[in-house]
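Q: Let me give you the structure first, and then I'll get to my questions.
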Amino acid sequence: MDILLLILIIPFVCGVVMFVMPLHFKLLQSFHILLSLIVSSLLLSAVSKVVHGAELSAFDNFIFLDSLGAIFLSLIAITGLLVNIYATTYMKWELEDGHVSLKEVKNYFALSFIFTWTMSLSVVCNNIAFMWAAIEATTLASVFLVSVKKDQKSTESGYKYIVLCSIGLAFALYATILLYSAANGKIDGDAMLYTNLIANAGNLDSMALKLVFIFALIGFGTKAGLAPTHTWLPDVHAEGPAPTSALLSGVLLKCAMLGLIRYYAIVANGVGFDFVQSVMIISGTLTLFISSFFLIRQHNVKRMFAYHSIAHMGVIAFGLGVGGAIGLFAALFHCAAHSFTKALAFCSTGNIAKIYGTKDMTKMGGMIHIAPLTAVLFGIAICSLVGVPGFAIFVSEFLIFKAAAINGSYLLMGIFAVALAIIFIADFSHFFLASFGKVEGKVVHNSEMKFSENIPLIALAILIVAFGIWQFDSFTVLLDESVKTIMKK
Amino acid sequence: MINFIDVITVLMMGTSLMVFGLRKYKLSIYAYALQTLLLVIVFLLLHFKYGAHELLLWAFTAFLMKVVFVPLFLLKLVNKLSIINEDEPVGGFFISPVIALSFSLAVSMMFYKVFVHFSIFKDALPLFAASFIFMIGIFGFILRNSFLKQILAYCLFENGIHLSLALMAYNSHELVEIGILTDAIFAVVIMSILAKRFYASYDSLDTSKAVNLRG
């Protein structure tokens, strides 16, 4: 059977299998890991075909996998797998502490496969309306991953998540309809297909394209966490379980960003890069400064990382805004670097919350003595997030500086440097607060987690360092091809 | 000669104000059902006027899903929660519809001209109505505190989008319409489950009481 069909059928089937499993934790745990491995290997095998130059498409080109989609599919496969493995540990703790029931754990595992299915669907859709539907479906599939408990805060976070994302995405649907009607009859073939739209972008009306891009930015930007419509993110991350936050921040935001990048490519090729770059610079700068301002004031470790996600979406927008082949390469690389980093960051907050029984960093301290491995992993996440050389995020941030320098945009370099400096100061002060000094609050779990429980976190840390110091040829091929597609050269 | 499509879309605009403004939840839901029935009739009229055979299937699915299923589902929710009237919204029951009406008219005036330029069917008034209904939905979220009213606001802007879709992109693949409709139905069901939870936690549907999480 076609690999594209398999990657759309198998995750859904896995979700259904998990729903009908008996209520036995060990069994659920083993199946969750096993099925995650199967799903991720399938996704990666599709990606490897694209790396080797194949062009995958099915259903009359209704779904396809290009190099751009393959980058994001590999994130779903790798980050998704490691987070899903960590989720089995995290849910075991939640179950032992009596915060969730076994049935809720089973539903959580099942829904995480449905969530993976909707995300995979969103990156392989060639039909832009169906891509919109898949991105909206990611919201619907993840509401109960966020709102696992039934208390006030959990319900409130679920409410904010679905309402804000649904309103935002409605604008993206309008963008889709407008783009279709503007292209219908003016281009060869079906005007709903992304491949047709980008190939004939030059024939489209520039006024319509500009309006389409603004609508798409509001729509996908809301879901991706770009300011000023980012407000759902901190609340959702603060309340959702650590693995949910890791999946949302590590993978979901990138899927919405992919939607925006596809519109960016069409509009840029239709009306020229100046327009989309100007819009993205404004959006990126606004997002960077709003998030860094709120970042300084945060003491809740998960809320802090949520503002970080917003800031890094701002970095991606900034990369798209600086533009040029290097700027685009940097923005796409940042998607991967941030995915691994943020997954590690949020998963380590799971360990931290287990140790201290709180998410408030002013009540922590001395983590390096209590749980040295967790402290080191937390440190690696922080180092990458602030762009320390040798860690993945440094590469993309450095490339953005380089792209700006080549363009002669020294003002942009200055703005970017100031925003990164604020994030640097905020992060390290928080990191030292939690990891060193004496314990300020109480310690609930006075030891390191088991090594086996930390394996997915260690794997993520290795990926962060590896992407920081090594150039992976196959990944670079995907990035180069994607940049060529966007720039049509 | 009277253009029936124009008349019906104006009626749809009126019903959207009713959905937004009525205090009694059940009346709001009936107004929504009526609006969606009018939407189905617009689909049928467009089908006959332009020979757009896709719209016949859309009319049938929209009738089953949005005229029958969604209103019945929401009525069941209202009965289960035993709530009759909406709590006082932002600015009161009188001011909020006036604000929504004026701003929606202004925004639609701006957008319909752009839409007419590119639309497959160049019917100006229905395109105006589509953006008006969409905007009333957006204002429903902003100006009404009730969770149930916000679900209805979602249904409203979803109707606005469907009207735009029929006028501007009816000839897209059938799967597109089915995908969008399925999303909308799931969204209403999930929001309703959350609304039930919300009521159980806060003993009210007033979302302004949800202040545990702030930015």
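Just so we're on the same page: first chain in the structure tokens is A, next is B, and so on; residues restart at 1 for each chain, and ligands are numbered from 1 in the order they show up.
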Within 8 Å of chain A, which residues of chain B are there when counting only C-alpha atoms? Please give them as a ChimeraX atom specification.

A: /B:114-115,118-120,138,154,157-158,161,164-165,168-169,172,175-176,179-180,183,186-187,190-191,194,197-198,201-202,210,212-215

Q: Using only C-alpha atoms, which protein or nucleic acid residues come within 10 Å of Lys342 in chain A? Drop anything in the same chain fewer than 2 positions from it, and give the result as a list of chain:residue names.

A: A:Thr79, A:Ser245, A:Ala246, A:Leu247, A:Leu248, A:Ser249, A:Gly250, A:Val251, A:Phe305, A:Ala306, A:His308, A:Ser309, A:His312, A:Ala336, A:Ala337, A:His338, A:Ser339, A:Phe340, A:Leu344, A:Ala345, A:Phe346, A:Cys347, A:Ser348, A:Ala381, A:Ile382, A:Ser384, A:Leu385, A:Leu460

Q: For the selection you just gave me, I'd like the residues written to a file as a PDB file, in the first residue's frame, keeping N, CA and C atoms.

A:
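Just written: result36.pdb:
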ATOM      1  N   THR A  79      10.179  14.003  17.660  1.00  0.00           N
ATOM      2  CA  THR A  79       9.753  14.638  18.911  1.00  0.00           C
ATOM      3  C   THR A  79       8.536  13.903  19.470  1.00  0.00           C
ATOM      4  N   SER A 245       2.189  19.765  26.880  1.00  0.00           N
ATOM      5  CA  SER A 245       2.857  21.031  26.563  1.00  0.00           C
ATOM      6  C   SER A 245       3.997  20.787  25.604  1.00  0.00           C
ATOM      7  N   ALA A 246       4.737  19.673  25.817  1.00  0.00           N
ATOM      8  CA  ALA A 246       5.873  19.359  24.947  1.00  0.00           C
ATOM      9  C   ALA A 246       5.399  19.114  23.515  1.00  0.00           C
ATOM     10  N   LEU A 247       4.290  18.388  23.376  1.00  0.00           N
ATOM     11  CA  LEU A 247       3.761  18.115  22.029  1.00  0.00           C
ATOM     12  C   LEU A 247       3.219  19.376  21.373  1.00  0.00           C
ATOM     13  N   LEU A 248       2.479  20.164  22.174  1.00  0.00           N
ATOM     14  CA  LEU A 248       1.884  21.382  21.629  1.00  0.00           C
ATOM     15  C   LEU A 248       2.974  22.342  21.163  1.00  0.00           C
ATOM     16  N   SER A 249       3.927  22.557  22.063  1.00  0.00           N
ATOM     17  CA  SER A 249       4.960  23.536  21.755  1.00  0.00           C
ATOM     18  C   SER A 249       5.978  22.985  20.754  1.00  0.00           C
ATOM     19  N   GLY A 250       6.315  21.720  20.930  1.00  0.00           N
ATOM     20  CA  GLY A 250       7.352  21.124  20.093  1.00  0.00           C
ATOM     21  C   GLY A 250       6.899  20.815  18.680  1.00  0.00           C
ATOM     22  N   VAL A 251       5.634  20.443  18.518  1.00  0.00           N
ATOM     23  CA  VAL A 251       5.202  19.993  17.193  1.00  0.00           C
ATOM     24  C   VAL A 251       4.016  20.797  16.648  1.00  0.00           C
ATOM     25  N   PHE A 305       8.217  28.825  30.108  1.00  0.00           N
ATOM     26  CA  PHE A 305       8.537  28.144  28.844  1.00  0.00           C
ATOM     27  C   PHE A 305       7.482  28.430  27.770  1.00  0.00           C
ATOM     28  N   ALA A 306       6.241  28.682  28.208  1.00  0.00           N
ATOM     29  CA  ALA A 306       5.202  29.027  27.234  1.00  0.00           C
ATOM     30  C   ALA A 306       5.556  30.347  26.555  1.00  0.00           C
ATOM     31  N   HIS A 308       8.439  31.445  26.237  1.00  0.00           N
ATOM     32  CA  HIS A 308       9.567  31.110  25.392  1.00  0.00           C
ATOM     33  C   HIS A 308       9.120  30.628  24.028  1.00  0.00           C
ATOM     34  N   SER A 309       8.086  29.772  24.027  1.00  0.00           N
ATOM     35  CA  SER A 309       7.567  29.270  22.753  1.00  0.00           C
ATOM     36  C   SER A 309       7.132  30.429  21.886  1.00  0.00           C
ATOM     37  N   HIS A 312      10.086  32.212  20.483  1.00  0.00           N
ATOM     38  CA  HIS A 312      10.762  31.504  19.392  1.00  0.00           C
ATOM     39  C   HIS A 312       9.925  31.437  18.125  1.00  0.00           C
ATOM     40  N   ALA A 336      12.989  22.973  13.643  1.00  0.00           N
ATOM     41  CA  ALA A 336      13.460  21.687  14.171  1.00  0.00           C
ATOM     42  C   ALA A 336      14.181  21.876  15.496  1.00  0.00           C
ATOM     43  N   ALA A 337      15.073  22.868  15.546  1.00  0.00           N
ATOM     44  CA  ALA A 337      15.862  23.094  16.759  1.00  0.00           C
ATOM     45  C   ALA A 337      14.949  23.392  17.941  1.00  0.00           C
ATOM     46  N   HIS A 338      13.953  24.239  17.688  1.00  0.00           N
ATOM     47  CA  HIS A 338      13.035  24.603  18.777  1.00  0.00           C
ATOM     48  C   HIS A 338      12.161  23.423  19.182  1.00  0.00           C
ATOM     49  N   SER A 339      11.841  22.575  18.213  1.00  0.00           N
ATOM     50  CA  SER A 339      11.001  21.417  18.525  1.00  0.00           C
ATOM     51  C   SER A 339      11.686  20.514  19.555  1.00  0.00           C
ATOM     52  N   PHE A 340      12.942  20.157  19.308  1.00  0.00           N
ATOM     53  CA  PHE A 340      13.660  19.283  20.250  1.00  0.00           C
ATOM     54  C   PHE A 340      13.875  19.991  21.591  1.00  0.00           C
ATOM     55  N   LEU A 344      12.282  18.968  25.293  1.00  0.00           N
ATOM     56  CA  LEU A 344      13.122  18.672  26.462  1.00  0.00           C
ATOM     57  C   LEU A 344      12.768  19.596  27.626  1.00  0.00           C
ATOM     58  N   ALA A 345      12.594  20.893  27.298  1.00  0.00           N
ATOM     59  CA  ALA A 345      12.287  21.861  28.352  1.00  0.00           C
ATOM     60  C   ALA A 345      11.012  21.470  29.088  1.00  0.00           C
ATOM     61  N   PHE A 346       9.942  21.198  28.342  1.00  0.00           N
ATOM     62  CA  PHE A 346       8.670  20.880  28.992  1.00  0.00           C
ATOM     63  C   PHE A 346       8.706  19.525  29.692  1.00  0.00           C
ATOM     64  N   CYS A 347       9.401  18.548  29.082  1.00  0.00           N
ATOM     65  CA  CYS A 347       9.483  17.249  29.750  1.00  0.00           C
ATOM     66  C   CYS A 347      10.277  17.383  31.053  1.00  0.00           C
ATOM     67  N   SER A 348      11.328  18.212  31.065  1.00  0.00           N
ATOM     68  CA  SER A 348      12.074  18.357  32.315  1.00  0.00           C
ATOM     69  C   SER A 348      11.229  19.058  33.385  1.00  0.00           C
ATOM     70  N   ALA A 381      18.473  22.466  28.036  1.00  0.00           N
ATOM     71  CA  ALA A 381      17.314  23.105  27.396  1.00  0.00           C
ATOM     72  C   ALA A 381      17.453  24.625  27.461  1.00  0.00           C
ATOM     73  N   ILE A 382      17.823  25.133  28.646  1.00  0.00           N
ATOM     74  CA  ILE A 382      17.961  26.589  28.816  1.00  0.00           C
ATOM     75  C   ILE A 382      19.075  27.120  27.910  1.00  0.00           C
ATOM     76  N   SER A 384      20.215  25.956  25.148  1.00  0.00           N
ATOM     77  CA  SER A 384      19.791  25.985  23.760  1.00  0.00           C
ATOM     78  C   SER A 384      18.791  27.118  23.526  1.00  0.00           C
ATOM     79  N   LEU A 385      17.852  27.268  24.471  1.00  0.00           N
ATOM     80  CA  LEU A 385      16.811  28.287  24.298  1.00  0.00           C
ATOM     81  C   LEU A 385      17.384  29.695  24.193  1.00  0.00           C
ATOM     82  N   LEU A 460      16.592  13.540  23.659  1.00  0.00           N
ATOM     83  CA  LEU A 460      16.316  14.898  23.162  1.00  0.00           C
ATOM     84  C   LEU A 460      17.535  15.796  23.354  1.00  0.00           C
TER      85      LEU A 460
END

Q: Just want the 9 Å neighbourhood of Trp58 in chain B, counted on only C-alpha atoms, with same-chain residues fewer than 2 positions away dropped. Output as JSON, numbers by chain.

A: {"B": [40, 43, 44, 54, 55, 56, 60, 61, 62, 63, 166, 174, 177, 178]}

Q: In Å, rounded to a single decimal, give me how far CA of Gly14 in chain B is from CA of Leu75 in chain B.

A: 21.2 Å

Q: Determine, counting only C-alpha atoms, which protein, DNA and RNA residues have an atom within 12 Å of an atom of range 87-104 of chain B; residues of the same chain fewer than 3 positions away are not included. Present the result as a VMD selection string.

A: chain B and resid 13 to 14 16 to 25 83 to 84 107 to 112 128 to 150 153 157 204 to 209

Q: Just the number, please: distance in Å from CA of Thr362 in chain A to CA of His99 in chain A, one decimal.

A: 23.8 Å

Q: Could you please write out, as an MDAnalysis selection string, every residue of range 59-164 of chain B that DSSP assigns to alpha helix (DSSP H)?

A: chainID B and resid 59:62 70:81 92:118 124:143 147:164

Q: In Å, how far is it from CA of Lys484 in chain A to CA of Ile326 in chain A?

A: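 These atoms are spaced 11.1 Å apart.
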
Q: Choose the residue, out of A:Phe401, A:Tyr410, A:Phe115, A:Phe436, that has the smallest atom-to-atom separation from Ala371 in chain A; count only C-alpha atoms.

A: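 So, comparing all the options, the nearest one is A:Phe436.
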
Q: What's the 8 Å shell around Gly323 in chain A, counting only C-alpha atoms, without same-chain residues fewer than 5 positions away, as a PyMOL selection string?

A: chain A and resi 273+277+328+403

Q: Just to be explicit: take each residue in the selection above, keep C-alpha atoms, and write the result as a JSON list (two decimals), in the first residue's frame.

A:
[["chain", "number", "residue", "atom", "x", "y", "z"],
["A", 273, "PHE", "CA", 9.10, 39.02, -1.29],
["A", 277, "GLN", "CA", 8.97, 40.05, 4.51],
["A", 328, "LEU", "CA", 14.49, 31.01, 5.10],
["A", 403, "ALA", "CA", 21.18, 36.87, 6.65]]

Q: I need the residue nearest Val10 in chain B from this list: B:Leu37, B:Pro126, B:Ala59, B:Ala195. Use only C-alpha atoms for the distance.

A: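 Among B:Leu37, B:Pro126, B:Ala59, B:Ala195, it is B:Pro126 that comes nearest to Val10 in chain B.
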